[in-house]
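The structure appears right after this line, and notes come after that.
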Amino acid sequence: QQQVKQSPQSLIVQKGGISIINCAYENTAFDYFPWYQQFPGKGPALLIAIRPDVSEKKEGRFTISFNKSAKQFSLHIMDSQPGDSATYFCAAPAGGTSYGKLTFGQGTILTVHP
Amino acid sequence: NAGVTQTPKFRVLKTGQSMTLLCAQDMNHEYMYWYRQDPGMGLRLIHYSVGEGTTAKGEVPDGYNVSRLKKQNFLLGLESAAPSQTSVYFCASSYRWGETNEKLFFGSGTQLSVL
């Protein structure tokens, strides 16, 4: 069973700062690593995803950095804004034939102060 | 399009009672999933379906049953609710995995309390 370990559990950042959330996984066989964003009272929504054939993917202020040898990937939020305050989950395929089954990390509660 | 709709949004049960959570999607997605979310544990997959009439177990299936009689609907049943099933339940759907859009579309959740 794929396991994904996420850190930190919570993060407080000032407006304009950089938020960094890390994830570590165990199985190198899988090829898809997404990050989901969840606002209070809502379901998670896909934020950004990466495949291990690249080391970095950037979409606006959000960047995934991928380190295949260390089996780690991280989310960087540049110029963090109060509207980014949410819970962030990393994920990876749950094992076997994926069928979209994802194993999620424990989640990081991000608070961005004005 | 409404996307993924879950009913009810809130429910309180007594231990031993039964209930069914309903999930409906209007995106013609082939795959559907039920996850539960607990503090500090992320989301855990309960059951999933890869097409009408099919179901399969996920990571934490015990105490739950599911049915997918119609492509657009995925039902989650609790036959005899236990306090350990107090959680927020999320339904999700997706296109066939491996196609262009590998993305789960989540509903807004059902908050269930079992007393």
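Residue names in the structure tokens use chain letters A, B, ... in the order shown, residue numbers from 1 in each chain, and ligand numbers from 1 in the order shown.
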
Practice task
When you get a sec, could you note down which chain A residues fall within 12 Å of chain B, using only C-alpha atoms, as a ChimeraX atom specification?
Solution key: /A:1-10,31-51,87-109

Export of the given selection (C-alpha atoms) as a PDB file, in the first residue's frame:
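Result file again.pdb:
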```pdb
ATOM      1  CA  GLN A   1       0.000   0.000   0.000  1.00  0.00           C
ATOM      2  CA  GLN A   2       1.374   3.343  -1.035  1.00  0.00           C
ATOM      3  CA  GLN A   3       1.905   5.640   1.907  1.00  0.00           C
ATOM      4  CA  VAL A   4       2.290   9.374   1.712  1.00  0.00           C
ATOM      5  CA  LYS A   5       3.675  11.369   4.629  1.00  0.00           C
ATOM      6  CA  GLN A   6       2.999  15.097   4.624  1.00  0.00           C
ATOM      7  CA  SER A   7       4.534  17.890   6.696  1.00  0.00           C
ATOM      8  CA  PRO A   8       4.020  20.235   8.411  1.00  0.00           C
ATOM      9  CA  GLN A   9       0.549  19.708   9.880  1.00  0.00           C
ATOM     10  CA  SER A  10      -0.007  23.449  10.032  1.00  0.00           C
ATOM     11  CA  ASP A  31       3.855   8.204 -11.974  1.00  0.00           C
ATOM     12  CA  TYR A  32       1.392  10.808 -10.830  1.00  0.00           C
ATOM     13  CA  PHE A  33       1.584  13.157  -7.850  1.00  0.00           C
ATOM     14  CA  PRO A  34      -1.187  15.721  -7.388  1.00  0.00           C
ATOM     15  CA  TRP A  35      -1.849  18.408  -4.820  1.00  0.00           C
ATOM     16  CA  TYR A  36      -5.420  19.170  -3.765  1.00  0.00           C
ATOM     17  CA  GLN A  37      -6.688  22.352  -2.096  1.00  0.00           C
ATOM     18  CA  GLN A  38      -9.669  22.355   0.262  1.00  0.00           C
ATOM     19  CA  PHE A  39     -11.534  25.365   1.627  1.00  0.00           C
ATOM     20  CA  PRO A  40     -13.710  25.033   4.754  1.00  0.00           C
ATOM     21  CA  GLY A  41     -17.041  23.392   4.014  1.00  0.00           C
ATOM     22  CA  LYS A  42     -15.989  22.381   0.509  1.00  0.00           C
ATOM     23  CA  GLY A  43     -14.599  19.283  -1.118  1.00  0.00           C
ATOM     24  CA  PRO A  44     -10.960  19.138  -2.224  1.00  0.00           C
ATOM     25  CA  ALA A  45     -10.128  20.425  -5.693  1.00  0.00           C
ATOM     26  CA  LEU A  46      -7.116  19.633  -7.849  1.00  0.00           C
ATOM     27  CA  LEU A  47      -4.552  22.427  -7.637  1.00  0.00           C
ATOM     28  CA  ILE A  48      -1.571  21.131  -9.577  1.00  0.00           C
ATOM     29  CA  ALA A  49      -0.029  17.762 -10.453  1.00  0.00           C
ATOM     30  CA  ILE A  50       3.327  16.444 -11.650  1.00  0.00           C
ATOM     31  CA  ARG A  51       4.724  13.359 -13.307  1.00  0.00           C
ATOM     32  CA  THR A  87      -5.985  22.805   3.752  1.00  0.00           C
ATOM     33  CA  TYR A  88      -3.592  21.252   1.248  1.00  0.00           C
ATOM     34  CA  PHE A  89      -3.271  17.545   0.545  1.00  0.00           C
ATOM     35  CA  CYS A  90      -0.616  15.745  -1.430  1.00  0.00           C
ATOM     36  CA  ALA A  91      -1.540  12.399  -2.945  1.00  0.00           C
ATOM     37  CA  ALA A  92      -0.186   9.456  -4.892  1.00  0.00           C
ATOM     38  CA  PRO A  93      -1.681   6.385  -6.581  1.00  0.00           C
ATOM     39  CA  ALA A  94      -2.991   3.899  -4.033  1.00  0.00           C
ATOM     40  CA  GLY A  95      -1.421   0.828  -5.552  1.00  0.00           C
ATOM     41  CA  GLY A  96      -2.092  -1.744  -8.213  1.00  0.00           C
ATOM     42  CA  THR A  97      -4.032  -0.546 -11.222  1.00  0.00           C
ATOM     43  CA  SER A  98      -4.776   3.019 -10.294  1.00  0.00           C
ATOM     44  CA  TYR A  99      -8.347   3.615 -11.503  1.00  0.00           C
ATOM     45  CA  GLY A 100      -7.919   7.023  -9.909  1.00  0.00           C
ATOM     46  CA  LYS A 101      -7.499   5.547  -6.447  1.00  0.00           C
ATOM     47  CA  LEU A 102      -5.402   8.006  -4.501  1.00  0.00           C
ATOM     48  CA  THR A 103      -3.718   7.806  -1.130  1.00  0.00           C
ATOM     49  CA  PHE A 104      -3.754  11.230   0.482  1.00  0.00           C
ATOM     50  CA  GLY A 105      -1.342  12.774   2.922  1.00  0.00           C
ATOM     51  CA  GLN A 106      -2.540  13.909   6.320  1.00  0.00           C
ATOM     52  CA  GLY A 107      -3.114  17.483   5.175  1.00  0.00           C
ATOM     53  CA  THR A 108      -1.539  20.850   5.984  1.00  0.00           C
ATOM     54  CA  ILE A 109      -3.613  23.722   7.289  1.00  0.00           C
TER      55      ILE A 109
END
```

Problem - Surrounding residues of Leu76 in chain B excluding itself and chain neighbours under 5 positions, 8 Å, only C-alpha atoms, as a ChimeraX atom specification - result: /B:20-22,34,64-67

With N, CA, C and O atoms kept, could you save the residues just selected as an mmCIF file, in the first residue's frame?
```cif
data_model
loop_
_atom_site.group_PDB
_atom_site.id
_atom_site.type_symbol
_atom_site.label_atom_id
_atom_site.label_comp_id
_atom_site.auth_asym_id
_atom_site.auth_seq_id
_atom_site.Cartn_x
_atom_site.Cartn_y
_atom_site.Cartn_z
ATOM 1 N N THR B 20 -28.371 5.744 4.135
ATOM 2 C CA THR B 20 -27.748 5.733 2.817
ATOM 3 C C THR B 20 -27.393 7.147 2.417
ATOM 4 O O THR B 20 -28.220 8.056 2.529
ATOM 5 N N LEU B 21 -26.152 7.313 1.974
ATOM 6 C CA LEU B 21 -25.702 8.582 1.425
ATOM 7 C C LEU B 21 -25.767 8.477 -0.095
ATOM 8 O O LEU B 21 -25.332 7.488 -0.692
ATOM 9 N N LEU B 22 -26.302 9.538 -0.698
ATOM 10 C CA LEU B 22 -26.479 9.529 -2.146
ATOM 11 C C LEU B 22 -25.500 10.487 -2.811
ATOM 12 O O LEU B 22 -25.300 11.609 -2.344
ATOM 13 N N TRP B 34 -15.977 6.849 -2.963
ATOM 14 C CA TRP B 34 -16.365 7.376 -1.665
ATOM 15 C C TRP B 34 -15.119 7.425 -0.771
ATOM 16 O O TRP B 34 -14.407 6.434 -0.609
ATOM 17 N N TYR B 64 -19.317 -0.647 5.578
ATOM 18 C CA TYR B 64 -19.972 0.105 4.510
ATOM 19 C C TYR B 64 -20.314 -0.816 3.340
ATOM 20 O O TYR B 64 -19.610 -1.775 3.077
ATOM 21 N N ASN B 65 -21.402 -0.462 2.646
ATOM 22 C CA ASN B 65 -21.691 -1.129 1.382
ATOM 23 C C ASN B 65 -22.038 -0.062 0.351
ATOM 24 O O ASN B 65 -22.400 1.061 0.698
ATOM 25 N N VAL B 66 -21.864 -0.403 -0.916
ATOM 26 C CA VAL B 66 -22.103 0.559 -1.984
ATOM 27 C C VAL B 66 -22.865 -0.102 -3.117
ATOM 28 O O VAL B 66 -22.876 -1.336 -3.256
ATOM 29 N N SER B 67 -23.492 0.734 -3.929
ATOM 30 C CA SER B 67 -24.146 0.241 -5.138
ATOM 31 C C SER B 67 -24.072 1.297 -6.225
ATOM 32 O O SER B 67 -24.131 2.496 -5.942
#
```

Handout entry: Surrounding residues of Thr111 in chain A excluding itself and chain neighbours under 3 positions, 12 Å, only C-alpha atoms, as a count of residues only
Key = 22

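You will find CA of Glu59 in chain A at 25.3 Å from CA of Met27 in chain B.
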
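Within range 36-68 of chain B, residues classed as strand (DSSP E or B) by DSSP on backbone coordinates are B:Arg36, B:Gln37, B:Leu43, B:Arg44, B:Leu45, B:Ile46, B:His47, B:Tyr48, B:Ser49, B:Ala56, B:Lys57, B:Tyr64, B:Asn65, B:Val66, B:Ser67.
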
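When CA of Gln72 in chain B is paired with CA of Lys9 in chain B, their separation reads 18.6 Å.
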
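Residue nearest Gln6 in chain B within the list B:Leu75, B:Ile46, B:Val60, B:Ala24: B:Ala24 [criterion: smallest interatomic distance, only C-alpha atoms].
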
Problem - Nearby residues (only C-alpha atoms) at most 8 Å from Thr86 in chain B, same-chain spacing under 2 positions excluded, as a ChimeraX atom specification - result: /B:82-84,88,111-114

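Straight-line separation from CA of Ser18 in chain B to CA of Thr54 in chain B: 22.5 Å.
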